[in-house]
Each structure stands twice: as structure tokens, then as C-alpha cells.
Amino acid sequence: MVLVTGVSRYLGSRLARALQADPAVSRVIGVDVVPPAEDLGSAEFVRADIRNPVIAKVISSAEVDTVVHLAVIATPSGAGGRSSMKEINVIGTMQLLAACQKTPTVERLVVRSSTAVYGAGPRDPALFTEDTEPRTLPRSGYAKDVAEIEGYVRGFGRRRPDVDVTMLRFANLLGPVIDTPFTRYFSLPVLPTVLGFDPRLQFVHEDDALEVLRRATVEDHEGTYNVSGDGVLLLSQAARRAGRPTLPLPAPTAAVAGQLFRRAGVVDVSPEQLDVLTYGRAVDSTRLRTDVGYVPKYDTPDAFDEFVRARGRGALTAERVRWVERRVVSVLTAGRGG
Amino acid sequence: MMPDARVIAMDESGPGRARRRTEAGDSGHAGEPEDFGPGVDVPHDEDRPGDWERRVAASLAFLRRRITGEYEVDEFGFDPELTDTLLMAPLRPLYRQYFRVEVRGVENVPSTGGVLVVANHSGAIPLDAMMTQLALLDHHPAHRHLRMLGADLVFTLPFLAPVARKSGATMACSPDAERLLARGEVVGVWPEGFKGIGKPFSERYKLQRFGRGGFVSAALRAGTPIVPCAIVGAEETYPIIGNLKTLARLLGLPYVPVTPTFPWLGLLGLLPLPSKWIIEFGEPMQTDQYDRAAADDPMLVFDLTDQVRESIQHTLYSLLMQRRSVFL
């Protein structure tokens with residue numbers, strides 16, 4: 001008996017469908033404020049707002065034993081403004097945790113978190129492990145929400161030590177279908193970057209994210225885990241792989257440009273994302289490998305290439321560059337031969 | 001979560017590096033020459049003229065990989081291909097013809113496995129770090145890449161930060177140092193930091209305090225040997241006779257050096273003096289006889305730090321005695 005919040009969104013509905021296929025799961029209940037865009041299969045959909053105490057009734061009446069909390073929103077545009085985003089993220093989590101605390105049948109809680117909790121700055125270690133204390137506390141936005149959510153979840157863990165809590169810190173999700181700030185960013189015809197910086201970025205493929213969520217739900221993996229594809233891509237490198245030109249902007253104007261983009265609704269560049277685009281962030285997901293026993297199928301470059309393949313490249317495709325190279329080489333060799 | 005909860009022990013300064021970052025280049029050793037893509041007549045070396053085409057083709061293949069992003073960087077942002085072909089290229093004439101670097105004891109750096117190279121720091125800008133990196137890359141039998149631990153300032157500065165990472169440097173902190181050592185890399189550290197590189201000329205070849213010994217703890221944890229390294233010649237590249245403290249404060253820099261030529265001669269003053277360099281790698285100090293808990297024993301760490309420092313200082317003095325002249 002599994003309850004999934006945020007089920008109407010891409011990852012939620014895919015998880016709901018994947019869980020039905022699992023013989024260990026008898027029933028899947030999906031909760032969200034809007035009806036699911038995709039078919040949930042045999043999962044039941046309950047239209048409820050986790051900010052509302054009604055959620056407690058849903059959990060207790062259905063005798064839910066596993067709660068998967070995915071209703072964490074990364075962008076204000078996805079929630080209709082920053083204040084409602086914060087409310088869904090923080091108040092929603094508090095209500096959900098309160099409901100879980102009151103329901104004795106709950107045995108497992110899986111929370112979708114993000115590597116954004118580590119912040120991003122020049123003085124960070126190259127790779128964050130789950131035990132690294134962030135150097136800079138997230139000041140605003142999504143990162144701050146996630147940090148607060150994690151705080152409440154830890155508090156819940158102390159009050160209900162009998163519940164296994166799994167916190168999954170996902171790197172930037174990427175894939176053929178999923179819609180995230182980064183997929184939007186890399187779909188821009190020209191990529192604005194911060195002049196004089198070339199951050200290391202890490203991605204996790206949507207299929208890997210789904211599989212990790214599924215395992216965390218049906219298997220016993222208490223603890224906090226970084227979830228990311230191996231390796232890193234530099235932003236410049238990613239832009240080249242996507243065949244999209246970059247437009248380096250000096251740091252002060254980059255912040256303004258970020259806000260303009262945000263207002264225009266093109267892409268959501270929040271201050272903490274700007275930090276990532278300046279200093280980069282990478283995590284160590286050894287624990288996922290050793291403790292959960294899962295090796296992501298796609299490493300960071302693979303995940304990015306998959307995304308590019310599905311969404312289409314920009315003007316500068318590898319084939320075209322290769323063609324030009326071949327032309328030049330053949331002209332040169334012909335010139336020598338003749 | 002608590003901020004400021006980490007203790008980052010090493011405050012050595014670092015490796016700013018090569019300014020040139022153009023994506024073109026005519027380097028002859030650019031990657032595998034057979035990587036042309038299909039349908040190309042690969043010129044084989046039946047005759048000498050073929051060499052020229054091969055070089056062009058190799059450069060084009062390199063250029064193509066750079067344009068399409070088909071190259072690899074490691075987790076620290078190190079880009080070996082870019083480092084070997086472009087970043088190191090402008091340093092080679094400096095190394096060979098200008099400073100005429102003489103390398104001694106390079107065999108003291110093992111060919112495989114993690115090792116920590118600890119060296120003295122001097123000369124206003126970290127040319128010494130770059131030359132040590134080049135010495136190990138070009139003159140070590142295993143052509144090892146030196147992974148430098150840099151001051152945090154390096155990673156806050158635009159343009160410098162990405163070049164530092166691409167050339168293999170990372171922020172000087174215990175987790176990064178241990179991770180690199182555990183991966184079997186040669187890690188370079190200049191524990192005097194800004195105190196060493198920005199010290200006045202009158203104190204040349206006098207080692208400054210060695211940070212907090214964080215580098216020793218890292219080597220103890222990783223169980224890797226420590227190779228002391230003495231660099232003679234870098235002190236004379238930019239003899240610091242003054243420090244513009246107010247300007248430094250305004251710019252947020254640790255020092256703004258005044259040398260006999262800088263800032264008086266403007267850009268020309270940035271030219272280092274052509275001193276003759278010697279880089280000597282000393283006998284490795286083994287750390288595997290201690291157990292991992294030893295890294296948390298401050299007495300032992302201080303003790304080993306002093307030993308490394310003494311060893312470098314001793315070598316410096318003996319090299320200075322052997323040196324005939326600063327410039328010859």
C-alpha cells in the first residue's frame with residue numbers, strides 16, 4: 001500500500017505505474033491537486049491538496065504503509081508564483097509529515113530531495129558526499145525549500161524512529177521527456193552563460209531517477225543518498241554537445257538577464273541556479289552504488305546525450321563539423337597528391 | 001544544516017595558470033591521428049611529406065572534438081587533452097629556453113599510485129607550480145599529471161577559475177586532497193600559500209609557516225608517500241621589494257607586489273627575470289607505517305610537517321650553495 005504525492009507530474013505518474021507492476025505492492029494511491037496528465041493504470045487517484053489536513057484522512061483510512069513524497073516543486077512557474085511554491089513545498093511537507101506521524105501504519109517514507117541543498121560556491125569541495133555540510137546555506141528559492149524540507153523530515157525521523165526514512169538527493173534531472181529548468185535552459189537557441197566561468201554540471205537520467213525511486217519504495221534503504229550519473233560535463237562542453245552557441249554575460253548582467261528570462265517565462269533562472277551556472281556542483285554517489293546497489297545506467301555525459309538526441313540539436317551538429325573536417329582533409333591531401 | 005562547520009586545513013596557495021586559452025592551435029601532438037572519421041584517406045608515413053598532412057589532420061580532429069564536446073573531463077574538471085595540447089604549450093619555451101629548468105630526482109616520484117609532492121612557493125605568481133607540473137609531465141618517465149591544490153581565491157576569480165580546474169587544479173581542502181590521492185594521482189601542494197609566494201625578496205628561500213599541516217593528514221589518511229620538492233630560481237623571477245597594501249585591499253587580493261620593474265615599466269614589468277631554475281624532488285617519506293587514525297594525532301602531524309619543511313629547507317640551502325649564479 002503506497003501513497004505517492006505529486007503523482008500528476010511526470011516522475012510521479014511513471015512511478016505509480018511502475019509500482020503496480022511490483023508484486024510486493026498491493027495498491028497505489030496517487031495524490032495531487034490537479035488530475036494526472038498521463039494514465040495512472042490501476043492506481044487510484046485522489047484529488048487532494050497536501051497542504052490540507054484532508055491528507056491525514058486519506059493516509060489513515062487507506063492504511064498506507066509507504067509514503068513517497070514527490071510533490072516538491074522546483075520552479076515558481078510550475079506552482080503559480082514563488083509564494084505558492086514555497087507553500088506547497090514547505091507547508092505541504094509539514095502537513096504530510098504530520099499526517100504520517102499520526103498514522104501508525106506508516107512504516108516507510110521516501111522523500112525526493114535535491115543536490116541543491118549543498119548550494120554552489122567557489123569554496124566547495126569538488127564532490128559533495130552525503131555528510132558534507134554545505135558551506136553556504138541556501139538563501140532563497142528552491143534550495144532553501146529543500147533544505148527546510150530535509151530539516152522537517154529529519155525531525156520526523158526523530159519523532160517516529162520506527163519509520164524508515166529515505167532521502168534521495170537528485171542531481172539535475174534530464175531525459176527525453178521530463179521538463180526541468182535545465183531541460184528548458186538547454187533548449188534555448190543560444191545559451192547565456194556567466195563570463196569567465198565554466199561550471200561542472202551533473203545530470204541524472206529520468207529512467208535512473210525512476211528506478212532509484214522504485215527501489216527506495218519497495219526495498220529497504222534507510223538513509224540519505226546522492227543520486228547522480230557518474231562524471232561531470234562542463235557547461236561549455238554540454239553546450240557544444242547540444243550544438244548550441246553560448247552567450248557569455250558578465251556576472252552582474254547575468255543576474256539581471258536571469259530575472260528578465262524569468263519574467264518573460266522563457267526559462268526559470270533563479271539566483272541559486274545562477275550560482276550553479278557560475279561555480280558548478282558535483283556530488284559523490286558512491287553510497288547509492290554500495291548501499292542501494294544501484295549503478296545508474298546513464299552517466300552524466302550519456303544522460304545529456306540522450307536528452308540532446310531526443311530533443312534535437314542546435315545548429316552546430318557533430319555531423320556537420322565532421323563533414324567540414326573531412327572536406328578540409330580531403331582537399332589538403334588532394335592538393336598534395338596533385 | 002550548520003554553515004562553517006568544516007575545517008579546511010590547508011591554506012596553500014595556488015596554481016594560477018596559463019593565460020592562453022584559444023581553441024585553435026597547431027600543436028603537433030593533438031590526439032590520435034587515426035581519428036579522422038570514415039571516408040578519409042589516412043596518409044601513412046611512406047614518405048616524409050605525409051607527416052605534415054597527418055599533423056594537420058590530427059589538429060583538425062582535435063579541433064573537431066573541441067567543437068563537438070567529444071572529450072572527457074574528470075570530476076574535478078580536469079581536461080587532460082586541453083592541458084597537454086594547449087595549456088602546456090606556451091609554458092614549454094618558458095621552461096626550456098627561458099628558465100632552463102634542471103630537474104633532479106624525478107625518479108623519487110613513483111610511476112604509479114598516489115603521492116603528495118610538497119614544494120616551496122615563491123615569485124609573486126605561481127610560475128613555480130606551473131613549471132613543476134611541466135617537469136613531471138615532460139620529464140617523468142610515466143609522464144604524470146600533477147594535480148595541484150590551489151588557494152580558494154583562484155576559484156573565485158573569473159577566467160582563472162575554469163583554467164585552473166581544466167589544468168588539473170582543485171580547491172585545497174582535505175576531501176579533495178584525499179580523493180585525489182586515493183585515486184592514485186600525484187597531488188601538488190604549496191603549503192606556504194600566499195605567505196610564501198608574496199614574501200619580500202629579502203626573505204628569499206626562507207620557508208614560511210606550513211599552514212596547518214592538513215596536507216600531512218591527507219597523505220596519512222590515504223597512506224601515500226610525501227615527496228619534498230625544492231625549487232630554486234623562482235624567487236628571482238619577480239623580486240618583491242614592496243607591497244601595495246591599500247590597493248591589494250581594494251582589489252581583494254592578498255598582495256600587490258612591487259618589483260624593480262613592476263609597476264614602473266607597465267606591461268613590460270610583468271616579464272619575469274630569466275633566472276636559472278633547479279627543481280629537486282627529494283626522497284619520498286613513507287606514511288604507510290602509520291595507521292589511519294594517525295591522521296588525527298596532531299602531535300604526529302606537526303612532527304611530520306616539520307620534517308617535510310626541514311627537508312625542503314635543507315635542500316634549498318644546498319642547491320643555493322651549488323648554484324654558480326642566479327642567471328647562469
# chains A, B, ... in the order shown; residues from 1 in each chain; ligands from 1
>>> interface_residues(of="chain B", to="chain A", cutoff="6 Å", atoms="only C-alpha atoms", output="JSON, numbers by chain")
{"B": [3, 4, 68, 69, 75, 76, 152, 155, 156, 158, 159, 162]}
>>> select_by_dssp(residues="stretch 187-313 of chain A", states="strand (DSSP E or B)", output="PyMOL selection string")
chain A and resi 191-194+200-201+203-205+223-227+233-234+246-249+283
>>> residues_around(residues="B:Glu310", least_positions_apart="3", cutoff="12 Å", atoms="only C-alpha atoms", output="JSON, numbers by chain")
{"B": [118, 119, 120, 206, 207, 208, 209, 210, 228, 229, 230, 282, 303, 304, 305, 306, 307, 313, 314, 315, 316, 317]}
>>> atom_distance(atom1="atom CA of B:Val73", atom2="atom CA of B:Lys166")
7.8 Å
>>> residues_around(residues="B:Ile241", least_positions_apart="5", cutoff="10 Å", atoms="only C-alpha atoms", output="NGL selection string")
:B and (199-202 or 257-260 or 262)
>>> select_by_dssp(residues="stretch 46-294 of chain B", states="helix (DSSP H, G or I)", output="ChimeraX atom specification")
/B:49-68,80-87,91-98,106-108,127-139,152-155,160-166,174-182,194-197,201-203,214-222,234-236,245-251,266-270,292-294
>>> atom_distance(atom1="atom CA of A:Gly314", atom2="atom CA of A:Ala209")
26.2 Å
>>> residues_around(residues="B:Thr170", least_positions_apart="4", cutoff="8 Å", atoms="only C-alpha atoms", output="list in words")
Ala126 of chain A; Phe76, Arg147, Met148, Leu149, Gly150, Ala164, Arg165 and Asp176 of chain B
>>> atom_distance(atom1="atom CA of A:Gln273", atom2="atom CA of A:Ser140")
10.6 Å
>>> residues_around(residues="A:Phe45", least_positions_apart="4", cutoff="8 Å", atoms="only C-alpha atoms", output="list of chain:residue names")
A:Ile29, A:Gly30, A:Val31, A:Asp32, A:Pro35, A:Leu40
>>> residues_around(residues="A:Val218", least_positions_apart="6", cutoff="10 Å", atoms="only C-alpha atoms", output="short mmCIF file (atom, residue, chain, number, x, y, z; two decimals) with C-alpha atoms, in the first residue's frame")
data_model
loop_
_atom_site.label_atom_id
_atom_site.label_comp_id
_atom_site.auth_asym_id
_atom_site.auth_seq_id
_atom_site.Cartn_x
_atom_site.Cartn_y
_atom_site.Cartn_z
CA VAL A 2 1.88 3.01 -1.34
CA LEU A 19 4.86 0.25 -8.68
CA ASP A 22 5.58 -4.89 -8.49
CA PRO A 23 4.01 -7.92 -6.79
CA ALA A 24 5.01 -6.60 -3.36
CA VAL A 25 2.76 -3.56 -3.82
CA THR A 66 4.75 3.62 2.43
CA ARG A 108 8.44 3.94 5.28
#
>>> closest_residue(among="A:Ala303, A:Met94, A:Leu247, A:Ile55", to="A:Ser228", atoms="only C-alpha atoms")
A:Ala303
>>> decode(residues="stretch 192-323 of chain B", atoms="C-alpha atoms", output="JSON list (two decimals), in the first residue's frame")
[["chain", "number", "residue", "atom", "x", "y", "z"],
["B", 192, "GLU", "CA", 53.27, 28.27, 2.43],
["B", 193, "GLY", "CA", 50.47, 29.72, 0.37],
["B", 194, "PHE", "CA", 50.34, 33.47, -0.04],
["B", 195, "LYS", "CA", 52.83, 33.89, 2.77],
["B", 196, "GLY", "CA", 55.41, 32.18, 0.59],
["B", 197, "ILE", "CA", 54.60, 33.49, -2.83],
["B", 198, "GLY", "CA", 54.11, 37.08, -1.68],
["B", 199, "LYS", "CA", 57.06, 37.35, 0.69],
["B", 200, "PRO", "CA", 59.60, 40.13, 0.19],
["B", 201, "PHE", "CA", 62.82, 39.43, -1.68],
["B", 202, "SER", "CA", 64.86, 39.93, 1.48],
["B", 203, "GLU", "CA", 63.33, 36.72, 2.86],
["B", 204, "ARG", "CA", 64.06, 34.64, -0.21],
["B", 205, "TYR", "CA", 64.47, 30.90, 0.30],
["B", 206, "LYS", "CA", 63.32, 31.16, 3.91],
["B", 207, "LEU", "CA", 60.38, 28.84, 4.23],
["B", 208, "GLN", "CA", 57.29, 30.35, 5.80],
["B", 209, "ARG", "CA", 54.93, 28.56, 8.14],
["B", 210, "PHE", "CA", 53.45, 25.43, 6.60],
["B", 211, "GLY", "CA", 49.76, 26.07, 7.01],
["B", 212, "ARG", "CA", 48.13, 23.77, 9.49],
["B", 213, "GLY", "CA", 49.62, 20.57, 8.22],
["B", 214, "GLY", "CA", 46.41, 19.50, 6.56],
["B", 215, "PHE", "CA", 48.40, 18.05, 3.67],
["B", 216, "VAL", "CA", 50.16, 15.64, 6.01],
["B", 217, "SER", "CA", 46.84, 14.43, 7.41],
["B", 218, "ALA", "CA", 45.58, 13.86, 3.89],
["B", 219, "ALA", "CA", 48.66, 11.79, 3.00],
["B", 220, "LEU", "CA", 48.35, 9.83, 6.26],
["B", 221, "ARG", "CA", 44.70, 9.07, 5.58],
["B", 222, "ALA", "CA", 45.44, 7.96, 2.05],
["B", 223, "GLY", "CA", 48.61, 6.13, 3.13],
["B", 224, "THR", "CA", 50.58, 7.72, 0.30],
["B", 225, "PRO", "CA", 54.23, 8.85, 0.35],
["B", 226, "ILE", "CA", 55.20, 12.50, 0.64],
["B", 227, "VAL", "CA", 57.87, 13.80, -1.75],
["B", 228, "PRO", "CA", 59.51, 17.03, -0.65],
["B", 229, "CYS", "CA", 60.36, 19.28, -3.57],
["B", 230, "ALA", "CA", 62.74, 22.24, -3.55],
["B", 231, "ILE", "CA", 62.50, 24.87, -6.26],
["B", 232, "VAL", "CA", 65.38, 27.27, -6.77],
["B", 233, "GLY", "CA", 65.13, 30.16, -9.19],
["B", 234, "ALA", "CA", 61.52, 31.17, -8.83],
["B", 235, "GLU", "CA", 62.38, 33.66, -6.10],
["B", 236, "GLU", "CA", 64.36, 35.75, -8.57],
["B", 237, "THR", "CA", 61.70, 35.88, -11.30],
["B", 238, "TYR", "CA", 59.86, 38.70, -9.59],
["B", 239, "PRO", "CA", 61.91, 40.08, -6.69],
["B", 240, "ILE", "CA", 59.26, 41.62, -4.45],
["B", 241, "ILE", "CA", 60.60, 44.81, -2.93],
["B", 242, "GLY", "CA", 57.30, 46.27, -1.84],
["B", 243, "ASN", "CA", 53.63, 45.57, -1.38],
["B", 244, "LEU", "CA", 50.82, 47.96, -2.30],
["B", 245, "LYS", "CA", 48.69, 47.03, 0.68],
["B", 246, "THR", "CA", 45.91, 49.55, 0.14],
["B", 247, "LEU", "CA", 45.48, 48.59, -3.48],
["B", 248, "ALA", "CA", 45.53, 44.92, -2.52],
["B", 249, "ARG", "CA", 42.77, 45.52, -0.01],
["B", 250, "LEU", "CA", 40.74, 47.40, -2.59],
["B", 251, "LEU", "CA", 41.11, 44.61, -5.11],
["B", 252, "GLY", "CA", 40.54, 41.90, -2.54],
["B", 253, "LEU", "CA", 43.93, 40.35, -3.28],
["B", 254, "PRO", "CA", 46.41, 39.06, -0.70],
["B", 255, "TYR", "CA", 49.17, 41.36, -2.05],
["B", 256, "VAL", "CA", 50.04, 43.57, -4.98],
["B", 257, "PRO", "CA", 53.77, 43.19, -5.49],
["B", 258, "VAL", "CA", 56.20, 45.92, -6.35],
["B", 259, "THR", "CA", 59.27, 44.62, -8.16],
["B", 260, "PRO", "CA", 62.21, 46.50, -9.70],
["B", 261, "THR", "CA", 60.26, 46.53, -12.97],
["B", 262, "PHE", "CA", 56.64, 46.44, -11.89],
["B", 263, "PRO", "CA", 54.59, 48.62, -11.97],
["B", 264, "TRP", "CA", 57.18, 51.08, -13.27],
["B", 265, "LEU", "CA", 57.55, 49.55, -16.71],
["B", 266, "GLY", "CA", 53.88, 48.74, -17.10],
["B", 267, "LEU", "CA", 53.19, 45.54, -19.01],
["B", 268, "LEU", "CA", 56.89, 45.04, -19.65],
["B", 269, "GLY", "CA", 57.29, 44.82, -15.90],
["B", 270, "LEU", "CA", 55.25, 41.62, -15.99],
["B", 271, "LEU", "CA", 58.09, 39.85, -17.77],
["B", 272, "PRO", "CA", 59.80, 37.56, -15.27],
["B", 273, "LEU", "CA", 63.57, 37.80, -14.90],
["B", 274, "PRO", "CA", 65.32, 34.93, -16.70],
["B", 275, "SER", "CA", 66.70, 33.16, -13.67],
["B", 276, "LYS", "CA", 68.16, 29.67, -13.91],
["B", 277, "TRP", "CA", 65.94, 27.13, -12.18],
["B", 278, "ILE", "CA", 66.55, 23.86, -10.40],
["B", 279, "ILE", "CA", 63.68, 21.66, -9.27],
["B", 280, "GLU", "CA", 64.77, 18.84, -6.99],
["B", 281, "PHE", "CA", 62.47, 16.08, -5.86],
["B", 282, "GLY", "CA", 63.69, 14.56, -2.60],
["B", 283, "GLU", "CA", 63.49, 11.07, -1.15],
["B", 284, "PRO", "CA", 59.89, 10.06, -0.55],
["B", 285, "MET", "CA", 58.77, 9.88, 3.06],
["B", 286, "GLN", "CA", 56.61, 6.82, 3.57],
["B", 287, "THR", "CA", 53.43, 7.18, 5.59],
["B", 288, "ASP", "CA", 52.10, 3.65, 5.36],
["B", 289, "GLN", "CA", 53.76, 2.58, 8.60],
["B", 290, "TYR", "CA", 51.19, 4.68, 10.47],
["B", 291, "ASP", "CA", 47.59, 3.59, 10.73],
["B", 292, "ARG", "CA", 44.74, 5.75, 9.52],
["B", 293, "ALA", "CA", 43.99, 7.07, 12.99],
["B", 294, "ALA", "CA", 47.41, 8.74, 12.96],
["B", 295, "ALA", "CA", 45.93, 11.47, 10.78],
["B", 296, "ASP", "CA", 44.01, 12.66, 13.82],
["B", 297, "ASP", "CA", 47.06, 12.79, 16.05],
["B", 298, "PRO", "CA", 48.06, 16.47, 15.97],
["B", 299, "MET", "CA", 51.47, 15.82, 17.51],
["B", 300, "LEU", "CA", 52.45, 13.37, 14.81],
["B", 301, "VAL", "CA", 51.04, 15.62, 12.10],
["B", 302, "PHE", "CA", 53.05, 18.61, 13.36],
["B", 303, "ASP", "CA", 56.09, 16.44, 13.61],
["B", 304, "LEU", "CA", 55.85, 15.17, 10.05],
["B", 305, "THR", "CA", 55.04, 18.66, 8.78],
["B", 306, "ASP", "CA", 58.26, 19.89, 10.38],
["B", 307, "GLN", "CA", 60.23, 17.03, 8.88],
["B", 308, "VAL", "CA", 58.98, 17.85, 5.40],
["B", 309, "ARG", "CA", 59.70, 21.53, 5.94],
["B", 310, "GLU", "CA", 63.20, 20.86, 7.24],
["B", 311, "SER", "CA", 63.95, 18.59, 4.35],
["B", 312, "ILE", "CA", 62.89, 21.20, 1.78],
["B", 313, "GLN", "CA", 64.78, 23.96, 3.59],
["B", 314, "HIS", "CA", 67.89, 21.83, 3.76],
["B", 315, "THR", "CA", 67.74, 21.02, 0.04],
["B", 316, "LEU", "CA", 67.16, 24.68, -0.77],
["B", 317, "TYR", "CA", 70.32, 25.71, 1.08],
["B", 318, "SER", "CA", 72.42, 23.03, -0.55],
["B", 319, "LEU", "CA", 71.10, 23.91, -4.02],
["B", 320, "LEU", "CA", 71.86, 27.57, -3.38],
["B", 321, "MET", "CA", 75.41, 26.64, -2.42],
["B", 322, "GLN", "CA", 75.84, 24.72, -5.66],
["B", 323, "ARG", "CA", 74.39, 27.47, -7.79]]
